[in-house]
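Heads up: the structure comes next, in structure tokens.
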Amino acid sequence: MNLNKRAEVELIMPTLNEEKGIKEVFKRIPETVGLLIVDGNSNDGTLEIVRKNKQARLIIEKRKGYGRAYKTGFEKTKAEIIVTMDGDASYPTEEIERLVEMLEREKLDFITCNRFGKLEEGSMSRINLLGNMILTMTANVLFSINLKDSQSGMWVFRKKILKDIMPESDGMAFSQEIKIRAFKKVKCKEVPITYSERIGRKKLNAFRDGLKNLMELFKLRLKI
Ligand SMILES: Nc1nc2c(ncn2[C@@H]2O[C@H](COP(=O)(O)OP(=O)(O)OP(=O)(O)O)[C@@H](O)[C@H]2O)c(=O)[nH]1
Ligand SMILES: [Mg+2]
């Protein structure tokens with residue numbers, strides 16, 4: 001696939017106070033990829049850093065939530081292929097082009113990246129590991145799917161499928177919901193990647209957010 005036309009592939013990244021992470025991510029994004037930052041009105045140096053980056057378009061989405069940020073980003077992109085990842089440098093930007101090519105070559109609609117492919121030291125605490133296992137197993141049982149990582153934030157997919165798989169959640173549960181809907185409706189693949197320790201301060205509370213995601217799984221089961 002020719003990735004020279006920037007508009008074709010856009011990396012959409014939600015950020016909330018990620019000044020340290022985003023600096024690192026910016027150094028590693030391939031030039032062929034468009035970049036859309038959906039910022040939750042950060043009060044550290046994130047906005048300044050994004051505004052200085054010529055490759056990046058910036059949207060400020062004041063409404064709270066990871067899912068809300070993606071909904072806004074998905075509405076605003078004109079790209080045919082969307083790539084997502086956190087702004088904390090934990091995901092492998094160098095894999096973007098290979099994954100887009102895989103999407104095209106294998107005529108897939110949606111790729112989700114499995115962080116357990118190669119989990120670098122320090123990238124996931126034991127409580128997060130356990131939480132991930134429980135959430136992924138529950139999702140697999142409830143929805144008859146076979147994911148290895150239901151919480152990964154790196155996806156590569158065709159924009160045109162959004163009408164069939166758009167999640168309702170505004171929060172962190174957006175991530176599991178988009179995968180569940182995708183695996184039920186379109187041609188999907190889960191691909192192992194390397195996952196690194198995040199740069200910058202952790203904001204999630206593993207226990208509270210994990211439990212919330214678990215409840216959301218049961219609620220979603222009643223809907224689809
Ligand atoms: N715009 C926006 N971005 C958000 C919001 N909440 C989180 N984010 C961003 O969404 C991405 C995912 O959040 P993280 O805190 O990294 O979640 P996580 O990967 O499960 O947790 P870590 O293990 O700490 O990295 C990061 O780039 C955050 O900055 C929000 O309310 N609005
Ligand atoms: Mg993260």
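Going through the structure tokens in order, the chains are called A, B, and so on, while each chain numbers its residues from 1 and the ligands are numbered from 1 in the order shown.
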Expected selection as a list in words for ligand 2 within 8 Å, only C-alpha atoms and all ligand atoms: Asp86, Gly87, Asp88, Ala89, Ser90, Gly153, Arg198 and Lys202 of chain A
Using the selection just defined, write its residues with C-alpha atoms as a CSV table (one decimal), in the first residue's frame.
chain,number,residue,atom,x,y,z
A,86,ASP,CA,-2.4,6.5,24.1
A,87,GLY,CA,-0.3,9.6,24.3
A,88,ASP,CA,2.0,8.0,26.9
A,89,ALA,CA,4.5,6.3,24.6
A,90,SER,CA,3.5,2.8,25.7
A,153,GLY,CA,-5.8,0.9,23.2
A,198,ARG,CA,4.1,4.5,30.2
A,202,LYS,CA,-0.5,7.1,36.0
Pick out the residues no farther than 7 Å from ligand 1, counting only C-alpha atoms and all ligand atoms, and list them as a list in words. Met13, Pro14, Thr15, Leu16, Asn17, Glu18, Val38, Asp39, Gly40, Glu61, Lys64, Gly65, Tyr66, Ala69, Asp86, Gly87, Asp88, Met124, Gly153, Arg198, Lys202, Lys203 and Leu204 of chain A
Given the choices A:Arg68, A:Arg158, A:Arg57, A:Lys20, which gets closest to A:Val100 if the distance is worked out from only C-alpha atoms?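 Between A:Arg68, A:Arg158, A:Arg57, A:Lys20, the residue approaching A:Val100 most closely is A:Arg158.
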Would you mind listing what lies within 10 Å of A:Gly34 as a ChimeraX atom specification, with only C-alpha atoms counted and same-chain residues fewer than 3 positions away left out? /A:5-12,29-31,55-57,77,79,82-83
Can you list, as an MDAnalysis selection string, every residue of stretch 86-155 of chain A that DSSP puts in helix (DSSP H, G or I)? chainID A and resid 93:105 126:143
